[in-house]
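Please read the structure below before turning to the comments.
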Amino acid sequence: MSLYHTAYTGLQMFMANLKQLIHGNHDPLINNDPSILSQRPQFQLLYQELASIIQTFSNIHQHHLHELQEVQNLKKRFKDAAEEAQDTIDLFVSAVHFTNKGISPDSNIFKASLELTDTFMRNSIESIKVELMAINIDDMKMNSSSRSNRLKTQSAAAGTSCTRNPLGMKKPLMKEIVVGLDNDVNLIRDKLVEDKKKLGVVCIVGMGGLGKTTLATKVCNDPYIVHYFYVRAWVTISQTYEKRDLLVQILTSIGIQEDLEEDGYSQLRGKLHKHLMGKRYLIVIDDIWSIKAWYDLKFFFPDDNTKSRILLTSRLNEVALYANPHGLVHSLPCLKEEQSWELLKQKVFHGGDCPEWSIKPGMQIAKKCQGLPLSVVVMAGILAKEEMRKDLWEKIAYSVTSYIVSDQKGNLETLALSYHHLPHHLRECFLYLGGFPEDHWFNVKRLTRLWVAEGFIEEAGNRSLEDTAKAYLMDLVDRNLVIVAERKFNGDVKACKLHDLVRKLCQEKAKEERVFFKACRPPNEVTPLPIPYEVVAQYKQRRLFTNQDITIVNLVHPPTPSIRSLFYFHKNPRSIDDTESEYFYSFSLLRVLDLQKSKYEYVPQGMALLVHLRYLAIWNSSGFPSSLCNLWSLQTLILKTSYSHMNLPSNISDLVNLRHLWSNVELFLLTIEKPINLQSISEVRYGDGVDTFQKYFPSIKKLAYTFSSGEKGHFELLPYLETLKLRGGFHRNHICYPATLRKLTLVKCRLPWSNMSIIQSLLNLEVLKLKDNAFEGTQWNAREQQFRQLKFLRLEKLNIIQWEAYRTSFPRLKRLAVLFCRDLEEIPLEIGEITTLELIETDNWSESIVESVERIQQEQQDVGNYELKITVDGMELSVYLSKHESSESE
């Protein structure tokens with residue numbers, strides 16, 4: 001059942017919970033509880049009513065009527081009603097749990113009985129269903145068609161095109177001050193004029209305000225392009241467009257204006273074909289938003305082997321790749337700091353000299369624009385209007401972001417186009433990012449698990465929710481709304497971030513949609529401001545992000561059941577007294593609780609009341625209380641402590657939904673009562689030994705394990721294991737690996753190098769990290785071995801002296817790191833001949849290694865390979881050698 005069409009991302013989770021309450025008997029909370037069993041007829045009725053409404057919305061969407069205002073209004077009402085229903089049922093479940101624990105909260109919102117029929121079932125949901133059933137789809141289709149006929153595309157061409165002829169040029173494209181685009185212009189120009197006769201497509205992609213239109217204009221104005229193409233035309237595509245209007249826009253841009261208003265679609269298409277046929281033309285399609293738009297446009301342009309080209313700009317990588325799957329898709333980068341400063345100077349001083357006093361604050365202003373030309377232009381406009389004074393520029397430099405976002409019309413509206421084009425299932429995922437602190441880096445794994453816990457992710461076939469969440473994030477990256485901050489060796493995204501302007505857009509839209517409430521103390525404020533209870537409760541805020549002490553929420557008021565997520569960035573250590581149980585009643589419906597920024601003395605017993613928690617992150621000094629195993633909904637658990645290790649209770653298997661368990665210290669699991677559905681666990685030592693893992697952890701995909709002395713490691717029994725980190729004791733262990741393994745890290749295992757043949761036989765292995773005497777022995781002969789899929793190899797703190805290898809030993813290696821191997825004589829020279837190798841990292845612990853990578857680089861450059869990058873202590877090899885030589889000469 002697809003739920004995208006309801007515009008309510010948490011609905012699938014609600015429907016799944018309802019189904020569990022109706023049919024499930026084995027979950028610890030339900031467990032044949034008479035209070036829940038007695039309400040099953042009401043749960044069943046509610047499920048059927050919701051399913052009926054969802055199906056009706058789906059039918060409306062299939063007829064492309066979902067954007068009509070009356071449908072949108074019903075969607076909003078349905079979202080509110082469904083959220084109210086979910087809150088009511090979850091409060092009932094909490095009340096049942098409280099009663100079973102012998103607790104009676106002093107609040108009438110916790111009732112161990114339900115009267116669904118007399119509340120929202122009869123009113124809100126029933127009335128929405130009646131109105132939906134009364135909709136006449138045929139009439140709506142007719143109304144929608146008549147509205148579409150009245151719509152006209154309002155977009156104006158971004159520039160004026162010209163036709164080359166013996167008499168000279170017509171109106172030239174408008175020029176403007178630009179910096180940092182010369183290389184981009186050269187690259188695109190060369191691609192446009194390459195010697196291929198067939199019609200070709202070149203694409204420019206990037207976030208709004210990055211300068212795609214400016215770059216396309218500069219290319220179109222290039223003297224060689226003007227000379228090369230006989231006809232140049234420009235068309236700008238709005239998010240809603242008419243094909244006829246696009247034809248008029250193109251014809252007008254090439255100077256054809258007569259009788260256009262009188263002509264129909266077929267006549268206009270014929271005119272365009274006539275004026276382009278047999279001529280070498282360049283068509284710029286600016287700001288295209290959809291694959292459908294490209295499909296509608298591409299048939300306008302004849303392909304008669306004249307070397308004609310189409311230059312396309314878009315914010316969406318998907319559109320560019322569809323239009324040009326095998327050609328150039330040029331991702332426009334952000335400006336570098338020096339380029340931003342140059343653009344700022346040009347805009348403020350119009351090419352003249354800038355005062356000496358303006359350089360430092362001016363460079364600070366440019367840096368805070370984060371490489372976005374749109375922001376630089378806004379700041380230049382502000383500076384140009386102000387008096388030229390150092391103190392004023394310093395004041396502006398302190399508050400650049402506030403100046404940029406204050407220009408709502410010029411900035412946020414530009415970026416808002418990208419938001420409004422998002423499909424509904426991505427909107428809350430995107431807005432959610434605005435709650436986190438400025439310059440926050442989002443770890444991809446953590447973020448996707450949060451989205452899953454929030455209920456943002458819809459099931460998609462056999463794909464895991466985490467994989468679907470990652471696909472959502474990559475979609476936002478491809479739409480250039482989210483910036484990649486760090487990549488893995490294989491190109492996968494490891495961390496991402498938001499531009500400040502995009503973050504402000506998130507916050508503005510999130511406020512409108514009630515996605516979260518942010519209560520943060522300004523950096524220069526010492527005394528925390530009170531969180532207004534009325535704002536949190538009255539407006540039904542679903543999520544709270546705060547850097548203030550959370551206990552300042554006035555607890556004498558009724559609880560705030562609308563709060564589903566709480567992120568606490570307050571760093572002062574404190575403890576919560578168990579007498580503060582009402583504190584937890586106030587947030588009894590939390591799904592996400594992140595307290596890891598603040599160090600607690602112990603985990604309060606009252607936290608075990610939060611039975612709807614799906615994601616919990618906490619730092620405490622008292623270990624892992626067994627009471628947390630009552631949190632049967634928990635999917636992700638992050639435990640941090642200042643101790644050296646943490647003992648896990650044997651009843652941890654009561655966490656039947658737990659998929660990810662992580663700690664900053666070693667976890668000791670002495671025994672376990674029954675199997676658990678864990679997919680990943682951080683460094684763990686298991687009392688019963690690894691050979692029982694298949695029985696108790698049948699779904700494990702990622703495991704960090706510490707051996708006991710002499711223990712055998714039969715990891716081949718784990719059929720889904722992909723990532724394995726092993727830490728050995730002081731005795732060698734016999735280890736067997738599963739064929740599914742993709743990433744292997746060995747630490748202190750003290751294996752003989754002869755065992756490397758076992759690892760070499762793992763056909764799916766892509767990452768191998770050997771650390772701290774993972775292998776013992778002074779020689780590794782890899783000449784007879786071939787690691788067929790290995791892409792990343794790391795050698796760290798090994799006692800190896802000689803390493804022998806051919807280029808065929810690692811045919812797909814992309815990255816090699818050799819660190820703190822002070823006795824190693826050299827890195828094999830043939831390593832540099834691996835055609836896929838992109839980077840060698842090392843340090844200066846061994847002069848012989850530095851000499852060997854210097855020889856590798858010289859040999860490769862001698863044969864024309866300048867792509868291989870080599871770093872020493874984080875510096876490029878040439879920079880390191882230059883500094884090393886200068887320090888020796890002093």
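Residues are named by chain letter and number: chains run A, B, ... in the order of the structure tokens, numbers start at 1 in each chain, and ligands are numbered from 1 in the order shown.
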*asked:* Could you list, as an MDAnalysis selection string, every residue within 8 Å of Gln239 in chain A, counting only C-alpha atoms and ignoring same-chain residues fewer than 5 positions away?
replied: chainID A and resid 288:289 421
*asked:* Need to verify the contact set: Cys203 in chain A, 6 Å, only C-alpha atoms, exclusion of same-chain residues closer than 4 positions in sequence. Can you return it as a count of residues only?
replied: 6
_Contact residues around Val818 in chain A with only C-alpha atoms at 7 Å, ignoring same-chain residues under 3 positions, as a VMD selection string_ = chain A and resid 794 to 796 821 841 to 842
*How far is it from CA of Ala416 in chain A to CA of Asn324 in chain A, in Å with one decimal?*
26.3 Å
*Spatial neighbours of Leu721 in chain A, max dist 12 Å, only C-alpha atoms, sep filter under 3 positions, as a count of residues only*: 31
*Find the residues near Arg77 in chain A: any atom within 9 Å, counting only C-alpha atoms, skip ones fewer than 5 places away on the same chain, and give them as a count of residues only.*
5
*Excluding same-chain residues fewer than 3 positions from Leu215 in chain A, what lies within 8 Å of it counting only C-alpha atoms, as a PyMOL selection string?*
chain A and resi 181+184-185+211-212+218-219
With C-alpha atoms retained, export the selected residues as a compact mmCIF listing (two decimals), in the first residue's frame.
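In the end it all went to result-v4.txt:
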```
# COMPACT_ATOMS: atom_id res chain seq x y z
CA LEU A 181 34.25 30.24 -14.09
CA ASP A 184 34.23 25.70 -16.41
CA VAL A 185 33.66 27.82 -19.53
CA GLY A 211 25.63 30.36 -10.97
CA LYS A 212 24.41 27.80 -13.52
CA LYS A 218 29.15 33.23 -20.32
CA VAL A 219 29.52 30.17 -22.55
```
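For the pair CA of Phe43 in chain A and CA of Ile89 in chain A, the interatomic distance is 8.8 Å.
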*For Phe301 in chain A, which residue among A:Tyr265, A:Arg244, A:Leu819, A:Lys279 is the nearest when counting only C-alpha atoms?*
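Nearest to Phe301 in chain A: A:Lys279.
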_Atomic distance CA of Lys271 in chain A - CA of Ser314 in chain A, expressed in Å with one decimal_ = 27.0 Å
*Fewer than 5 positions away in the same chain doesn't count, so skip those; otherwise give me all residues within 12 Å of range 14-19 of chain A, counting only C-alpha atoms, as a VMD selection string.*
chain A and resid 1 to 3 8 to 9 24 to 25 27 30 36 39 to 51 54 79 82 to 90 93 454 to 456 458 to 459 612 633
